[in-house]
$ cat entry-v2.cif   # mmCIF, C-alpha atoms
data_work
loop_
_atom_site.group_PDB
_atom_site.id
_atom_site.type_symbol
_atom_site.label_atom_id
_atom_site.label_comp_id
_atom_site.auth_asym_id
_atom_site.auth_seq_id
_atom_site.Cartn_x
_atom_site.Cartn_y
_atom_site.Cartn_z
ATOM 1 C CA MET A 1 317.045 25.525 51.590
ATOM 2 C CA THR A 2 314.502 28.300 51.935
ATOM 3 C CA ALA A 3 315.497 31.939 51.835
ATOM 4 C CA ILE A 4 315.150 32.847 55.513
ATOM 5 C CA PRO A 5 317.486 30.116 56.830
ATOM 6 C CA VAL A 6 320.068 30.998 54.152
ATOM 7 C CA TYR A 7 320.112 34.698 54.938
ATOM 8 C CA GLY A 8 319.592 34.156 58.663
ATOM 9 C CA SER A 9 322.448 31.675 58.958
ATOM 10 C CA LEU A 10 324.753 34.023 57.059
ATOM 11 C CA PHE A 11 323.691 36.971 59.240
ATOM 12 C CA LEU A 12 324.298 34.945 62.420
ATOM 13 C CA SER A 13 327.653 33.630 61.232
ATOM 14 C CA ALA A 14 328.778 37.148 60.306
ATOM 15 C CA PHE A 15 327.533 38.550 63.614
ATOM 16 C CA LEU A 16 329.398 35.912 65.624
ATOM 17 C CA SER A 17 332.532 36.391 63.533
ATOM 18 C CA ALA A 18 332.608 40.082 64.455
ATOM 19 C CA THR A 19 332.173 39.517 68.197
ATOM 20 C CA LEU A 20 335.306 37.455 68.841
ATOM 21 C CA LEU A 21 333.267 34.265 68.762
ATOM 22 C CA PRO A 22 333.903 31.634 66.105
ATOM 23 C CA GLY A 23 332.168 32.095 62.812
ATOM 24 C CA SER A 24 333.051 31.681 59.186
ATOM 25 C CA SER A 25 330.865 34.021 57.222
ATOM 26 C CA GLU A 26 333.254 34.200 54.265
ATOM 27 C CA ALA A 27 333.135 30.432 53.790
ATOM 28 C CA LEU A 28 329.367 30.400 54.168
ATOM 29 C CA LEU A 29 328.957 33.263 51.680
ATOM 30 C CA THR A 30 331.227 31.441 49.229
ATOM 31 C CA GLY A 31 329.242 28.232 49.667
ATOM 32 C CA TYR A 32 325.927 29.957 49.050
ATOM 33 C CA VAL A 33 327.300 31.690 45.956
ATOM 34 C CA ALA A 34 328.748 28.400 44.668
ATOM 35 C CA THR A 35 325.446 26.590 45.091
ATOM 36 C CA GLU A 36 323.433 29.570 43.806
ATOM 37 C CA ASN A 37 321.515 29.518 47.071
ATOM 38 C CA GLY A 38 320.065 33.010 47.436
ATOM 39 C CA ALA A 39 320.160 36.344 45.692
ATOM 40 C CA ILE A 40 323.739 37.637 45.629
ATOM 41 C CA TRP A 41 322.904 41.136 46.816
ATOM 42 C CA LEU A 42 320.835 39.753 49.729
ATOM 43 C CA LEU A 43 323.643 37.394 50.691
ATOM 44 C CA VAL A 44 326.131 40.267 50.832
ATOM 45 C CA LEU A 45 323.634 42.475 52.676
ATOM 46 C CA SER A 46 322.957 39.723 55.255
ATOM 47 C CA ALA A 47 326.650 39.156 55.887
ATOM 48 C CA LEU A 48 327.442 42.865 56.012
ATOM 49 C CA THR A 49 324.572 43.692 58.366
ATOM 50 C CA GLY A 50 325.431 40.884 60.776
ATOM 51 C CA ASN A 51 329.119 41.744 60.774
ATOM 52 C CA VAL A 52 328.582 45.471 61.319
ATOM 53 C CA LEU A 53 326.099 44.818 64.140
ATOM 54 C CA GLY A 54 328.627 42.479 65.755
ATOM 55 C CA SER A 55 331.208 45.255 65.552
ATOM 56 C CA ILE A 56 328.765 47.621 67.232
ATOM 57 C CA VAL A 57 328.512 45.114 70.093
ATOM 58 C CA ASN A 58 332.320 45.286 70.356
ATOM 59 C CA TRP A 59 332.171 49.096 70.383
ATOM 60 C CA ILE A 60 329.638 48.919 73.228
ATOM 61 C CA LEU A 61 331.898 46.497 75.123
ATOM 62 C CA GLY A 62 334.794 48.898 74.748
ATOM 63 C CA ARG A 63 332.777 51.989 75.554
ATOM 64 C CA TYR A 64 330.906 50.754 78.600
ATOM 65 C CA LEU A 65 332.619 47.623 79.890
ATOM 66 C CA SER A 66 336.350 48.274 79.384
ATOM 67 C CA HIS A 67 336.829 48.853 83.111
ATOM 68 C CA PHE A 68 336.238 45.087 83.407
ATOM 69 C CA ARG A 69 339.116 44.246 81.043
ATOM 70 C CA ASP A 70 341.052 42.453 83.786
ATOM 71 C CA ARG A 71 338.228 39.963 84.319
ATOM 72 C CA LYS A 72 338.420 36.465 82.846
ATOM 73 C CA TRP A 73 335.202 36.875 80.867
ATOM 74 C CA PHE A 74 336.366 40.006 79.022
ATOM 75 C CA PRO A 75 336.638 38.989 75.355
ATOM 76 C CA ILE A 76 340.217 40.059 74.617
ATOM 77 C CA LYS A 77 343.464 39.387 76.409
ATOM 78 C CA ALA A 78 345.310 42.237 78.076
ATOM 79 C CA SER A 79 348.165 42.164 75.555
ATOM 80 C CA MET A 80 345.801 42.374 72.562
ATOM 81 C CA TYR A 81 343.821 45.096 74.334
ATOM 82 C CA GLU A 82 346.967 47.200 74.760
ATOM 83 C CA LYS A 83 348.131 46.593 71.173
ATOM 84 C CA SER A 84 344.722 47.530 69.823
ATOM 85 C CA THR A 85 344.371 50.723 71.795
ATOM 86 C CA ASP A 86 347.967 51.737 70.934
ATOM 87 C CA TRP A 87 347.296 51.056 67.238
ATOM 88 C CA PHE A 88 344.056 53.031 67.399
ATOM 89 C CA ARG A 89 345.710 55.977 69.165
ATOM 90 C CA ARG A 90 348.441 55.980 66.532
ATOM 91 C CA TYR A 91 346.295 55.733 63.383
ATOM 92 C CA GLY A 92 343.004 57.095 64.660
ATOM 93 C CA LYS A 93 339.538 56.345 63.419
ATOM 94 C CA TRP A 94 340.846 55.519 59.916
ATOM 95 C CA SER A 95 342.226 52.270 61.325
ATOM 96 C CA LEU A 96 338.596 51.108 61.428
ATOM 97 C CA LEU A 97 338.871 50.517 57.686
ATOM 98 C CA MET A 98 340.929 47.483 58.798
ATOM 99 C CA SER A 99 338.157 46.152 61.044
ATOM 100 C CA TRP A 100 337.669 43.312 58.545
ATOM 101 C CA ALA A 101 341.189 41.968 59.119
ATOM 102 C CA PRO A 102 341.709 38.709 60.993
ATOM 103 C CA ILE A 103 343.144 38.910 64.534
ATOM 104 C CA VAL A 104 343.367 42.722 64.755
ATOM 105 C CA GLY A 105 339.992 43.789 63.351
ATOM 106 C CA ASP A 106 337.747 42.841 66.256
ATOM 107 C CA PRO A 107 340.022 44.312 68.944
ATOM 108 C CA LEU A 108 340.176 47.543 66.912
ATOM 109 C CA THR A 109 336.408 47.871 67.176
ATOM 110 C CA ILE A 110 336.644 47.448 70.947
ATOM 111 C CA ALA A 111 339.456 50.024 71.090
ATOM 112 C CA ALA A 112 337.230 52.462 69.187
ATOM 113 C CA GLY A 113 334.672 52.184 71.971
ATOM 114 C CA VAL A 114 337.304 52.512 74.684
ATOM 115 C CA LEU A 115 338.665 55.667 73.073
ATOM 116 C CA ARG A 116 335.171 57.114 72.645
ATOM 117 C CA THR A 117 334.956 57.200 68.860
ATOM 118 C CA PRO A 118 331.529 58.612 67.988
ATOM 119 C CA LEU A 119 329.156 55.885 66.830
ATOM 120 C CA LEU A 120 328.208 57.340 63.425
ATOM 121 C CA PRO A 121 331.772 57.648 62.044
ATOM 122 C CA PHE A 122 332.487 54.229 63.561
ATOM 123 C CA ILE A 123 329.585 52.644 61.680
ATOM 124 C CA VAL A 124 330.493 54.357 58.393
ATOM 125 C CA LEU A 125 334.172 53.321 58.475
ATOM 126 C CA VAL A 126 333.490 49.778 59.684
ATOM 127 C CA THR A 127 330.817 49.336 57.009
ATOM 128 C CA ILE A 128 333.173 50.508 54.255
ATOM 129 C CA GLY A 129 335.922 48.115 55.365
ATOM 130 C CA LYS A 130 333.644 45.137 55.797
ATOM 131 C CA LEU A 131 331.762 45.794 52.558
ATOM 132 C CA ALA A 132 335.073 45.838 50.682
ATOM 133 C CA ARG A 133 335.953 42.462 52.206
ATOM 134 C CA TYR A 134 332.609 40.852 51.346
ATOM 135 C CA LEU A 135 332.732 42.230 47.809
ATOM 136 C CA PHE A 136 336.216 40.743 47.439
ATOM 137 C CA VAL A 137 334.983 37.372 48.727
ATOM 138 C CA LEU A 138 331.985 37.568 46.412
ATOM 139 C CA GLN A 139 334.143 38.357 43.387
ATOM 140 C CA ALA A 140 336.522 35.508 44.214
ATOM 141 C CA ALA A 141 333.597 33.095 44.596
ATOM 142 C CA LEU A 142 332.109 34.199 41.284
ATOM 143 C CA ILE A 143 335.461 33.719 39.552
ATOM 144 C CA LEU A 144 336.048 30.338 41.176
ATOM 145 C CA PHE A 145 332.596 28.935 40.562
ATOM 146 C CA GLY A 146 331.774 30.709 37.307
ATOM 147 C CA ASN A 147 328.348 31.973 38.360
#
$ encode --input "entry-v2.cif" --output "structure tokens"
Amino acid sequence: MTAIPVYGSLFLSAFLSATLLPGSSEALLTGYVATENGAIWLLVLSALTGNVLGSIVNWILGRYLSHFRDRKWFPIKASMYEKSTDWFRRYGKWSLLMSWAPIVGDPLTIAAGVLRTPLLPFIVLVTIGKLARYLFVLQAALILFGN
């Protein structure tokens, strides 16, 4: 596989994973590491960039489209919306360090937009959390596959 499809597919998978759409960037990153398909630092950078940009899309949805949250097309259910905004109000912007977590992470990024978290601190905290996750996945893959 050539470099652009490897990095592009990982970027796209990570982007989709962050926007409440299905994606499996961790599995794809692990597969590429296992098959030595791409430079490790570019793989992590591709996944991180896609995932953070997907989270920014969620922030935009929360910031500018939350008044449509009762519509069928809105990406999170009302109950998850309420839980996320309550969690965010309780723990503040630092909860964005958990934006990598399954189930709660994506709604937290929407809640950050709803509650008007400034974009720069949002990006910094989300990037730290997601980088930690991808570095963990990378380390596990390297241990498992001995690369």
$ closest_residue --input "entry-v2.cif" --among "A:Leu120, A:Leu21, A:Val6, A:Ile110" --to "Arg69 (chain A)" --atoms "all atoms listed in the file"
A:Ile110
$ closest_atom_pairs --input "entry-v2.cif" --of "region 48-141 of chain A" --to "region 28-31 of chain A" --cutoff "8 Å" --atoms "only C-alpha atoms" --output "tab-separated table"
residue	atom	partner	partner_atom	distance
A:Val137	CA	A:Thr30	CA	7.0
A:Leu138	CA	A:Thr30	CA	6.8
A:Ala141	CA	A:Thr30	CA	5.5
$ residues_near_point --input "entry-v2.cif" --point "(335.6, 32.3, 59.1)" --cutoff "12 Å" --atoms "all atoms listed in the file" --output "MDAnalysis selection string"
chainID A and resid 10 13:18 20:30 47 51 100:103 134 137
$ write_last_selection --input "entry-v2.cif" --atoms "C-alpha atoms" --output "mmCIF file, in the frame of the given file"
data_model
loop_
_atom_site.group_PDB
_atom_site.id
_atom_site.type_symbol
_atom_site.label_atom_id
_atom_site.label_comp_id
_atom_site.auth_asym_id
_atom_site.auth_seq_id
_atom_site.Cartn_x
_atom_site.Cartn_y
_atom_site.Cartn_z
ATOM 1 C CA LEU A 10 324.753 34.023 57.059
ATOM 2 C CA SER A 13 327.653 33.630 61.232
ATOM 3 C CA ALA A 14 328.778 37.148 60.306
ATOM 4 C CA PHE A 15 327.533 38.550 63.614
ATOM 5 C CA LEU A 16 329.398 35.912 65.624
ATOM 6 C CA SER A 17 332.532 36.391 63.533
ATOM 7 C CA ALA A 18 332.608 40.082 64.455
ATOM 8 C CA LEU A 20 335.306 37.455 68.841
ATOM 9 C CA LEU A 21 333.267 34.265 68.762
ATOM 10 C CA PRO A 22 333.903 31.634 66.105
ATOM 11 C CA GLY A 23 332.168 32.095 62.812
ATOM 12 C CA SER A 24 333.051 31.681 59.186
ATOM 13 C CA SER A 25 330.865 34.021 57.222
ATOM 14 C CA GLU A 26 333.254 34.200 54.265
ATOM 15 C CA ALA A 27 333.135 30.432 53.790
ATOM 16 C CA LEU A 28 329.367 30.400 54.168
ATOM 17 C CA LEU A 29 328.957 33.263 51.680
ATOM 18 C CA THR A 30 331.227 31.441 49.229
ATOM 19 C CA ALA A 47 326.650 39.156 55.887
ATOM 20 C CA ASN A 51 329.119 41.744 60.774
ATOM 21 C CA TRP A 100 337.669 43.312 58.545
ATOM 22 C CA ALA A 101 341.189 41.968 59.119
ATOM 23 C CA PRO A 102 341.709 38.709 60.993
ATOM 24 C CA ILE A 103 343.144 38.910 64.534
ATOM 25 C CA TYR A 134 332.609 40.852 51.346
ATOM 26 C CA VAL A 137 334.983 37.372 48.727
#
$ closest_residue --input "entry-v2.cif" --among "A:Leu125, A:Leu45, A:Val104, A:Ala140" --to "Glu82 (chain A)" --atoms "all atoms listed in the file"
A:Val104
$ closest_residue --input "entry-v2.cif" --among "A:Gly129, A:Pro107, A:Gly113, A:Pro5" --to "Lys77 (chain A)" --atoms "only C-alpha atoms"
A:Pro107
$ residues_around --input "entry-v2.cif" --residues "region 84-89 of chain A" --least-positions-apart "6" --cutoff "9 Å" --atoms "all atoms listed in the file" --output "JSON, numbers by chain"
{"A": [95, 96, 104, 105, 107, 108, 109, 110, 111, 112, 114, 115]}
$ closest_residue --input "entry-v2.cif" --among "A:Thr35, A:Ser99, A:Thr19, A:Ser66" --to "Gly54 (chain A)" --atoms "only C-alpha atoms"
A:Thr19
$ axis_aligned_box --input "entry-v2.cif" --around "region 49-60 of chain A" --padding-each-side "3 Å" --output "AutoDock Vina command-line options"
--center_x 328.4 --center_y 45.0 --center_z 65.8 --size_x 13.7 --size_y 14.2 --size_z 20.9
$ closest_residue --input "entry-v2.cif" --among "A:Phe122, A:Trp94, A:Tyr7, A:Trp41" --to "Ile56 (chain A)" --atoms "all atoms listed in the file"
A:Phe122
$ closest_residue --input "entry-v2.cif" --among "A:Arg133, A:Leu119, A:Lys83, A:Leu61" --to "Met98 (chain A)" --atoms "only C-alpha atoms"
A:Arg133
$ atom_distance --input "entry-v2.cif" --atom1 "CA of Ile76 (chain A)" --atom2 "CA of Thr117 (chain A)"
18.8 Å
$ atom_distance --input "entry-v2.cif" --atom1 "CA of Ala39 (chain A)" --atom2 "CA of Ile128 (chain A)"
21.1 Å
$ atom_distance --input "entry-v2.cif" --atom1 "CA of Leu131 (chain A)" --atom2 "CA of Tyr81 (chain A)"
24.9 Å
$ decode --input "entry-v2.cif" --residues "region 47-97 of chain A" --atoms "N, CA and C atoms" --output "JSON list (two decimals), in the first residue's frame"
[["chain", "number", "residue", "atom", "x", "y", "z"],
["A", 47, "ALA", "N", -3.72, 9.89, 12.64],
["A", 47, "ALA", "CA", -4.86, 9.53, 13.49],
["A", 47, "ALA", "C", -5.23, 10.69, 14.41],
["A", 48, "LEU", "N", -4.24, 11.29, 15.02],
["A", 48, "LEU", "CA", -4.49, 12.40, 15.95],
["A", 48, "LEU", "C", -5.14, 13.58, 15.24],
["A", 49, "THR", "N", -4.62, 13.95, 14.09],
["A", 49, "THR", "CA", -5.17, 15.09, 13.35],
["A", 49, "THR", "C", -6.62, 14.84, 12.94],
["A", 50, "GLY", "N", -6.89, 13.67, 12.40],
["A", 50, "GLY", "CA", -8.26, 13.34, 12.01],
["A", 50, "GLY", "C", -9.21, 13.35, 13.19],
["A", 51, "ASN", "N", -8.77, 12.78, 14.31],
["A", 51, "ASN", "CA", -9.63, 12.68, 15.48],
["A", 51, "ASN", "C", -9.89, 14.05, 16.10],
["A", 52, "VAL", "N", -8.88, 14.88, 16.17],
["A", 52, "VAL", "CA", -9.07, 16.23, 16.73],
["A", 52, "VAL", "C", -9.97, 17.06, 15.81],
["A", 53, "LEU", "N", -9.77, 16.97, 14.51],
["A", 53, "LEU", "CA", -10.64, 17.71, 13.59],
["A", 53, "LEU", "C", -12.09, 17.24, 13.69],
["A", 54, "GLY", "N", -12.28, 15.94, 13.87],
["A", 54, "GLY", "CA", -13.64, 15.42, 14.08],
["A", 54, "GLY", "C", -14.27, 15.98, 15.34],
["A", 55, "SER", "N", -13.45, 16.12, 16.39],
["A", 55, "SER", "CA", -13.95, 16.71, 17.63],
["A", 55, "SER", "C", -14.30, 18.18, 17.46],
["A", 56, "ILE", "N", -13.55, 18.87, 16.62],
["A", 56, "ILE", "CA", -13.88, 20.27, 16.33],
["A", 56, "ILE", "C", -15.22, 20.36, 15.62],
["A", 57, "VAL", "N", -15.51, 19.42, 14.74],
["A", 57, "VAL", "CA", -16.84, 19.37, 14.10],
["A", 57, "VAL", "C", -17.91, 19.22, 15.18],
["A", 58, "ASN", "N", -17.67, 18.35, 16.16],
["A", 58, "ASN", "CA", -18.64, 18.19, 17.25],
["A", 58, "ASN", "C", -18.81, 19.49, 18.03],
["A", 59, "TRP", "N", -17.72, 20.18, 18.30],
["A", 59, "TRP", "CA", -17.76, 21.46, 19.01],
["A", 59, "TRP", "C", -18.63, 22.45, 18.23],
["A", 60, "ILE", "N", -18.44, 22.48, 16.91],
["A", 60, "ILE", "CA", -19.24, 23.37, 16.06],
["A", 60, "ILE", "C", -20.71, 22.99, 16.12],
["A", 61, "LEU", "N", -21.00, 21.68, 16.08],
["A", 61, "LEU", "CA", -22.39, 21.22, 16.20],
["A", 61, "LEU", "C", -22.99, 21.71, 17.51],
["A", 62, "GLY", "N", -22.26, 21.56, 18.59],
["A", 62, "GLY", "CA", -22.76, 22.01, 19.88],
["A", 62, "GLY", "C", -22.90, 23.52, 19.96],
["A", 63, "ARG", "N", -21.95, 24.22, 19.44],
["A", 63, "ARG", "CA", -21.94, 25.68, 19.53],
["A", 63, "ARG", "C", -23.04, 26.33, 18.70],
["A", 64, "TYR", "N", -23.21, 25.84, 17.48],
["A", 64, "TYR", "CA", -24.10, 26.53, 16.54],
["A", 64, "TYR", "C", -25.38, 25.79, 16.19],
["A", 65, "LEU", "N", -25.45, 24.50, 16.48],
["A", 65, "LEU", "CA", -26.64, 23.76, 16.05],
["A", 65, "LEU", "C", -27.38, 23.10, 17.21],
["A", 66, "SER", "N", -27.01, 23.38, 18.45],
["A", 66, "SER", "CA", -27.63, 22.71, 19.59],
["A", 66, "SER", "C", -29.11, 23.04, 19.73],
["A", 67, "HIS", "N", -29.55, 24.15, 19.19],
["A", 67, "HIS", "CA", -30.98, 24.46, 19.26],
["A", 67, "HIS", "C", -31.81, 23.50, 18.40],
["A", 68, "PHE", "N", -31.13, 22.67, 17.61],
["A", 68, "PHE", "CA", -31.82, 21.63, 16.83],
["A", 68, "PHE", "C", -31.76, 20.26, 17.50],
["A", 69, "ARG", "N", -31.38, 20.21, 18.78],
["A", 69, "ARG", "CA", -31.14, 18.93, 19.43],
["A", 69, "ARG", "C", -32.37, 18.03, 19.52],
["A", 70, "ASP", "N", -33.55, 18.58, 19.35],
["A", 70, "ASP", "CA", -34.76, 17.76, 19.39],
["A", 70, "ASP", "C", -35.11, 17.14, 18.03],
["A", 71, "ARG", "N", -34.34, 17.48, 17.03],
["A", 71, "ARG", "CA", -34.58, 16.93, 15.68],
["A", 71, "ARG", "C", -34.00, 15.53, 15.56],
["A", 72, "LYS", "N", -34.58, 14.73, 14.70],
["A", 72, "LYS", "CA", -34.13, 13.34, 14.51],
["A", 72, "LYS", "C", -32.69, 13.26, 14.01],
["A", 73, "TRP", "N", -32.27, 14.20, 13.21],
["A", 73, "TRP", "CA", -30.94, 14.13, 12.60],
["A", 73, "TRP", "C", -29.83, 14.54, 13.55],
["A", 74, "PHE", "N", -30.17, 15.17, 14.69],
["A", 74, "PHE", "CA", -29.12, 15.60, 15.61],
["A", 74, "PHE", "C", -28.37, 14.37, 16.11],
["A", 75, "PRO", "N", -27.03, 14.43, 16.16],
["A", 75, "PRO", "CA", -26.24, 13.22, 16.34],
["A", 75, "PRO", "C", -26.27, 12.54, 17.70],
["A", 76, "ILE", "N", -26.78, 13.19, 18.74],
["A", 76, "ILE", "CA", -26.86, 12.49, 20.02],
["A", 76, "ILE", "C", -28.27, 12.55, 20.58],
["A", 77, "LYS", "N", -28.63, 11.49, 21.28],
["A", 77, "LYS", "CA", -29.96, 11.40, 21.88],
["A", 77, "LYS", "C", -30.08, 12.40, 23.03],
["A", 78, "ALA", "N", -31.32, 12.75, 23.32],
["A", 78, "ALA", "CA", -31.58, 13.75, 24.36],
["A", 78, "ALA", "C", -30.98, 13.34, 25.70],
["A", 79, "SER", "N", -31.11, 12.09, 26.07],
["A", 79, "SER", "CA", -30.59, 11.64, 27.36],
["A", 79, "SER", "C", -29.06, 11.78, 27.43],
["A", 80, "MET", "N", -28.36, 11.41, 26.36],
["A", 80, "MET", "CA", -26.91, 11.54, 26.33],
["A", 80, "MET", "C", -26.50, 13.01, 26.29],
["A", 81, "TYR", "N", -27.29, 13.82, 25.61],
["A", 81, "TYR", "CA", -27.04, 15.26, 25.56],
["A", 81, "TYR", "C", -27.09, 15.84, 26.97],
["A", 82, "GLU", "N", -28.13, 15.50, 27.72],
["A", 82, "GLU", "CA", -28.28, 16.01, 29.08],
["A", 82, "GLU", "C", -27.17, 15.51, 29.99],
["A", 83, "LYS", "N", -26.83, 14.22, 29.90],
["A", 83, "LYS", "CA", -25.75, 13.67, 30.72],
["A", 83, "LYS", "C", -24.43, 14.37, 30.42],
["A", 84, "SER", "N", -24.17, 14.59, 29.15],
["A", 84, "SER", "CA", -22.92, 15.21, 28.74],
["A", 84, "SER", "C", -22.80, 16.65, 29.23],
["A", 85, "THR", "N", -23.87, 17.41, 29.05],
["A", 85, "THR", "CA", -23.80, 18.80, 29.49],
["A", 85, "THR", "C", -23.74, 18.88, 31.02],
["A", 86, "ASP", "N", -24.43, 17.99, 31.73],
["A", 86, "ASP", "CA", -24.34, 17.96, 33.20],
["A", 86, "ASP", "C", -22.92, 17.63, 33.64],
["A", 87, "TRP", "N", -22.33, 16.61, 33.00],
["A", 87, "TRP", "CA", -20.96, 16.20, 33.32],
["A", 87, "TRP", "C", -20.00, 17.37, 33.07],
["A", 88, "PHE", "N", -20.19, 18.04, 31.94],
["A", 88, "PHE", "CA", -19.30, 19.14, 31.58],
["A", 88, "PHE", "C", -19.46, 20.31, 32.55],
["A", 89, "ARG", "N", -20.69, 20.61, 32.94],
["A", 89, "ARG", "CA", -20.91, 21.69, 33.92],
["A", 89, "ARG", "C", -20.24, 21.35, 35.25],
["A", 90, "ARG", "N", -20.29, 20.08, 35.61],
["A", 90, "ARG", "CA", -19.74, 19.64, 36.89],
["A", 90, "ARG", "C", -18.22, 19.69, 36.91],
["A", 91, "TYR", "N", -17.57, 19.15, 35.87],
["A", 91, "TYR", "CA", -16.12, 19.01, 35.86],
["A", 91, "TYR", "C", -15.40, 20.06, 35.01],
["A", 92, "GLY", "N", -16.15, 20.81, 34.24],
["A", 92, "GLY", "CA", -15.56, 21.89, 33.47],
["A", 92, "GLY", "C", -14.73, 21.42, 32.28],
["A", 93, "LYS", "N", -13.93, 22.35, 31.79],
["A", 93, "LYS", "CA", -13.16, 22.08, 30.58],
["A", 93, "LYS", "C", -12.20, 20.92, 30.74],
["A", 94, "TRP", "N", -11.77, 20.62, 31.98],
["A", 94, "TRP", "CA", -10.82, 19.53, 32.20],
["A", 94, "TRP", "C", -11.41, 18.18, 31.83],
["A", 95, "SER", "N", -12.73, 18.09, 31.77],
["A", 95, "SER", "CA", -13.35, 16.83, 31.35],
["A", 95, "SER", "C", -13.00, 16.50, 29.90],
["A", 96, "LEU", "N", -12.54, 17.50, 29.14],
["A", 96, "LEU", "CA", -12.16, 17.25, 27.75],
["A", 96, "LEU", "C", -10.95, 16.33, 27.64],
["A", 97, "LEU", "N", -10.21, 16.17, 28.71],
["A", 97, "LEU", "CA", -9.11, 15.20, 28.71],
["A", 97, "LEU", "C", -9.66, 13.78, 28.54]]
